[in-house]
Amino acid sequence: MQRYPLLIGGQWRDGLRLCPNRNPSDLGDLVGEYAEAGEEDMREAVAAARAALPRWRASTPQQRSDVLDAAGSEILARRSELGLLLAREEGKTLPEAVAEVSRAGQIFKFFAGEALRQEGDVLASVRPGVEVLVEREPVGVVGLITPWNFPIAIPAWKSAPALAFGNTVVLKPAELVPGSAWALADILKRAGLPDGVFNLVTGPGRVLGPAMLDAGIDALSFTGSVPTGRQLARECAVRGIRVQLEMGGKNPLVVADDADLAQAVECAVNGAFYSTGQRCTASSRLVVCAGVHDHFVEALAARCASLRVGHATSPDTQIGPLASEEQLRKNLDYIAIGQQEGAVLVAGGQVVETRYRGYYLQPALFAEGLSTHRIVREEIFGPVAVIQRADDYPHALALANDTEFGLAAGICTRSLSLASHFRRHAEAGMVMVNLPTAGVDYHVPFGGRKGSSFGPREQGRYAREFYTTVKTAYLAA
Ligand code: ADP
């Protein structure tokens, strides 16, 4: 039985107890047992990160780059094995899981480069004989709280820049997916990180999150639900902790009258249902203009009904299970709510029986969604998409923007002028043209507006805005 202990101050340690890590494709498959930490473990982890900070922040860019590069190489070399672990604990299909692991490796490689590119600015002063330097320094001890839907990519895209810029880290991954985070901790330790620079504390967020803030971190990067994120932001504000939040989405994909219909259907299938719809960038709203509406509904419903739902590691599976019983129940509740509200279920939505005991759901497609419907307004986080009928493009744009979220927005159109208009007017942090709303590059900023995000962007060169603090130095001879 694989055991996943805590990593505190460079030592593997037991927690209060062991918790099972079960495969959502097959509840009979126990992926491993992970250590559940208590508040005291969290305090010790933050103290270890604090103690390791002076040495790590004084390390050379080359030393930091070498560690990140070695970690990236090992992740890439082990992508099949780590992908299998990820698919078993989270439930996305094996190809999706292997791709996510590869992404994590590429992120470490990218930030191995960034570690070497820590430039600042030199400016002429307005005063004679004075020089001004604008330099960046690490923020300090960074807490990372991550969700279950990207078990290795999100820990990677937070920890790689944190470490590249000389911070020390305490990672608290989601309870459902401790295995991938543990593998990352193990790889980073063996890649040559000094003791205490990266600490892994697994267990319940409602206990360990407050303990992490109380223990005195300098910054918190969080990805997860809106209520938890908002609560953490308030608690960080009163403690003066720098905070970055990535939360929900209710991402619209507009289908204009002139769209390539086959392409639009594929964008919708991919964006709404791949990774079992459990992506914050999922195309959960499909805003379709009147001229193509009926054809689109018919074509997408047929595709939706034919999607093969099954065990995440079976070769012919297109859609894996929901990640947990709670998620399956929540999705089924929303499907019932949608029908009560008057939206029309045109495909799927039923629990799928397989030879395994798992959380299987046939992707659900609703039509005739209205802006007042809860299934149009609230993030469901699963393979449930709703079509909203639009009179024309201006109406579609208004519907697309009529949301409290603003992570990603997409449009399918053959018109350069519509594409350009949408790119400028979509109220979202990321805009996709003739692409699904989900699926991003790792070397460019990731993040949203409105209720989706708070604080500086993640990923790419922009990551340094959160993981460094600026110092302005004035020098006179
Ligand atoms: P989800 O609905 O995706 O599980 P959560 O926001 O509950 O979203 O979880 C995201 C991460 O936040 C997980 O690692 C979880 O353990 C953690 N978490 C949950 N509650 C709290 C809390 N009160 N304080 C800090 N972290 C929390």
# chains A, B, ... in the order shown; residues from 1 in each chain; ligands from 1
>>> residues_near_ligand(ligand="ligand 1", cutoff="7 Å", atoms="only C-alpha atoms and all ligand atoms", output="list of chain:residue names")
A:Ile145, A:Thr146, A:Pro147, A:Trp148, A:Lys172, A:Pro173, A:Ala174, A:Glu175, A:Gly203, A:Pro204, A:Gly205, A:Arg206, A:Val207, A:Leu208, A:Gly209, A:Pro210, A:Thr223, A:Gly224, A:Ser225, A:Val226, A:Pro227, A:Thr228, A:Gly229, A:Leu232
>>> select_by_dssp(residues="segment 393-466 of chain A", states="strand (DSSP E)", output="count of residues only")
15
>>> atom_distance(atom1="atom CA of Ala237 of chain A", atom2="atom CA of Phe405 of chain A")
21.8 Å
>>> closest_residue(among="A:Tyr474, A:Trp182, A:Phe110, A:Tyr274", to="Leu82 of chain A", atoms="only C-alpha atoms")
A:Trp182
>>> closest_residue(among="A:Leu116, A:Ala45, A:Ala438, A:Leu30", to="Ala211 of chain A", atoms="only C-alpha atoms")
A:Ala45
>>> closest_residue(among="A:Arg424, A:Arg88, A:Lys189, A:Arg285", to="Ile387 of chain A", atoms="only C-alpha atoms")
A:Arg285
>>> closest_residue(among="A:Arg239, A:Arg377, A:Arg13, A:Arg303", to="Asn270 of chain A", atoms="only C-alpha atoms")
A:Arg303
>>> residues_around(residues="Gly32 of chain A", least_positions_apart="5", cutoff="9 Å", atoms="only C-alpha atoms", output="list of chain:residue names")
A:Met1, A:Gln2, A:Arg3, A:Tyr4, A:Cys19, A:Pro20, A:Asn21, A:Arg22, A:Gly179
>>> closest_atom_pairs(of="segment 26-75 of chain A", to="segment 307-327 of chain A", cutoff="12 Å", atoms="only C-alpha atoms", output="tab-separated table")
residue	atom	partner	partner_atom	distance
A:Asp26	CA	A:His311	CA	7.4
A:Leu27	CA	A:Ser324	CA	10.0
A:Asp29	CA	A:His311	CA	11.6
